[in-house]
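Visitor: Starting off with a structure, shown below.
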Amino acid sequence: MKTFNYHSAKDVKEASKLSSSNSAFLAGGMTTLPSMKLGLASYKDIIDIKKIKKLSGIKVSGKTVTIGATTKHSEVANSKDVKKAIPSLAALAEGIGDPQVRNRGTIGGSIANNDPAADYPSACIALNAIIHTNNRKINADKFFTGMFETSLKSSEIIEAIEFNIPQKSSYQKLPNPASRYAIVGVYVAKHKSGINVGVTGAKSCVYNDKDIAATLSNNFSSSAIDSVKISTSGMNSDMHASSEYRANMVKAFAKKAVDAC
């Protein structure tokens, strides 16, 4: 691992000022540190934001759940407020990785990294999330732009993620037996304004399956999904699952999610 300058920022303003095109923010470090150790990434400056109190915590209002960026997965999973307001979100957090990952990894780090098989991006899509940064607010459907890519700028820091509380919801996934990442994960959420079906693991970037969502808008039942045709176009294909298999699993786990709502 190459040498770098380590900074522990006292607030968001200082962290943003220290950032550059060759720096990285450090929260849980679940991806950043392994990437550096393996030589897959190198940075001139590492900016630690874990001690910035403003970035951690969970707040529930009448219609939304807002979670600070450095809040750990285990905190989301064990939060009584999250379990009451959006139980599917707490269940999602409980299914991430292993205890070591859940006690170190953060929600902000997860969505900033935007791994194609990560769980939280599907929650952001399904729950009409708004990503609050130090500069602006970004709707989830505009935030995730590609494989490991987001609309964040180099000096931007995610401060919190604001989720809409749905009428009903469920997240179901086929986990990789080793990493617990989603080979396919489907998050179904029914809101007064409509239905979202956030899908992760299937393609290079999380997406809202509008065909399934439209079908469920007419008939919110798992049997209705039988009529939906899932194209293999753009589906991932690797040693874990073919594109055809993933297409079938999107349908199967969408049905499981509806039944669990």
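Each chain in the structure tokens gets a letter, A, B and so on, in the order shown; residues start at 1 in every chain, and ligands are counted from 1 in the order they appear.
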Can you list, as an NGL selection string, all residues belonging to range 29-152 of chain A that DSSP tags as alpha helix (DSSP H)?
Guide: :A and (32-37 or 73-78 or 80-85 or 87-94 or 99-102 or 107-113 or 120-126 or 140-143)
Visitor: Compile the contact shell of range 156-172 of chain A as a list in words: residues with an atom at most 6 Å away, counting only C-alpha atoms, same-chain residues fewer than 6 positions apart removed.
Guide: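 Near range 156-172 of chain A, the qualifying residues are Leu55, Lys63, Thr64, Val65, Thr66, Ile67, Gly68, Ala69, Ser88, Leu127, Asn128, Ala129, Ile130, Ile131, His132, Thr133, Asn134, Gly185, Val186, Tyr187, Val188, Ala189, Lys190, His191, Phe253, Ala257 and Cys261 of chain A.
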Visitor: Leaving out Val206 in chain A and any residue of its chain fewer than 6 positions from it, which residues lie within 10 Å of it when counting only C-alpha atoms, given as a list in words?
Guide: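 The contact residues come out as Asn114, Asp115, Pro116, Ala117, Ala118, Asp119, Tyr120, Pro121, Ser122, Ala123, Cys124, Ile125, Asp141, Phe144, Thr145, Gly146, Met147, Gly185, Val186, Gly198, Val199 and Thr200 of chain A.
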Visitor: Write a file of the selected residues as an mmCIF file, in the first residue's frame, keeping C-alpha atoms.
Guide:
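The new file again.cif reads:
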```cif
data_model
loop_
_atom_site.group_PDB
_atom_site.id
_atom_site.type_symbol
_atom_site.label_atom_id
_atom_site.label_comp_id
_atom_site.auth_asym_id
_atom_site.auth_seq_id
_atom_site.Cartn_x
_atom_site.Cartn_y
_atom_site.Cartn_z
ATOM 1 C CA ASN A 114 -22.459 2.294 -5.538
ATOM 2 C CA ASP A 115 -21.364 -1.307 -5.902
ATOM 3 C CA PRO A 116 -23.642 -2.971 -8.499
ATOM 4 C CA ALA A 117 -24.579 -5.631 -5.938
ATOM 5 C CA ALA A 118 -24.941 -3.435 -2.836
ATOM 6 C CA ASP A 119 -28.236 -3.461 -0.942
ATOM 7 C CA TYR A 120 -28.784 0.174 0.074
ATOM 8 C CA PRO A 121 -29.023 1.609 -3.474
ATOM 9 C CA SER A 122 -32.170 -0.464 -4.057
ATOM 10 C CA ALA A 123 -33.677 1.021 -0.885
ATOM 11 C CA CYS A 124 -32.870 4.516 -2.118
ATOM 12 C CA ILE A 125 -34.660 3.858 -5.400
ATOM 13 C CA ASP A 141 -33.106 8.340 -9.449
ATOM 14 C CA PHE A 144 -26.789 6.489 -9.250
ATOM 15 C CA THR A 145 -25.299 6.941 -12.718
ATOM 16 C CA GLY A 146 -23.336 3.748 -13.492
ATOM 17 C CA MET A 147 -21.123 0.985 -12.145
ATOM 18 C CA GLY A 185 -32.025 -8.110 -4.777
ATOM 19 C CA VAL A 186 -35.498 -6.628 -5.228
ATOM 20 C CA GLY A 198 -35.613 -1.173 -6.898
ATOM 21 C CA VAL A 199 -33.400 -3.903 -8.353
ATOM 22 C CA THR A 200 -29.758 -4.461 -7.460
#
```
Visitor: I'd like to know which of A:Ser221, A:Ser204, A:Asn135, A:Ser231 is closest to Val12 in chain A, using only C-alpha atoms.
Guide: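 Looking at the shortest contact to Val12 in chain A, the residue is A:Asn135.
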Visitor: A:Asn139, A:Val228, A:Lys210, A:Asn248: which is nearest Ile183 in chain A, counting only C-alpha atoms?
Guide: A:Asn248
Visitor: What lies within 10 Å of Gly28 in chain A using only C-alpha atoms, ignoring chain neighbours under 5 positions off, as a list in words?
Guide: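 Residues near the query, excluding close chain neighbours: Leu33, Asp48, Ile49, Lys50, Thr70, Thr71, Lys72, His73, Val101, Arg102, Asn103, Arg104, Gly105, Thr106, Ile107, Gly108, Gly109 and Ser110 of chain A.
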Visitor: Quick one: pull the distance between CA of Glu149 in chain A and CA of Ser193 in chain A, Å, one decimal.
Guide: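 Interatomic distance here is 28.0 Å.
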Visitor: In Å to one decimal, how far is CA of Ser35 in chain A from CA of Tyr6 in chain A?
Guide: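 So the answer is 16.3 Å.
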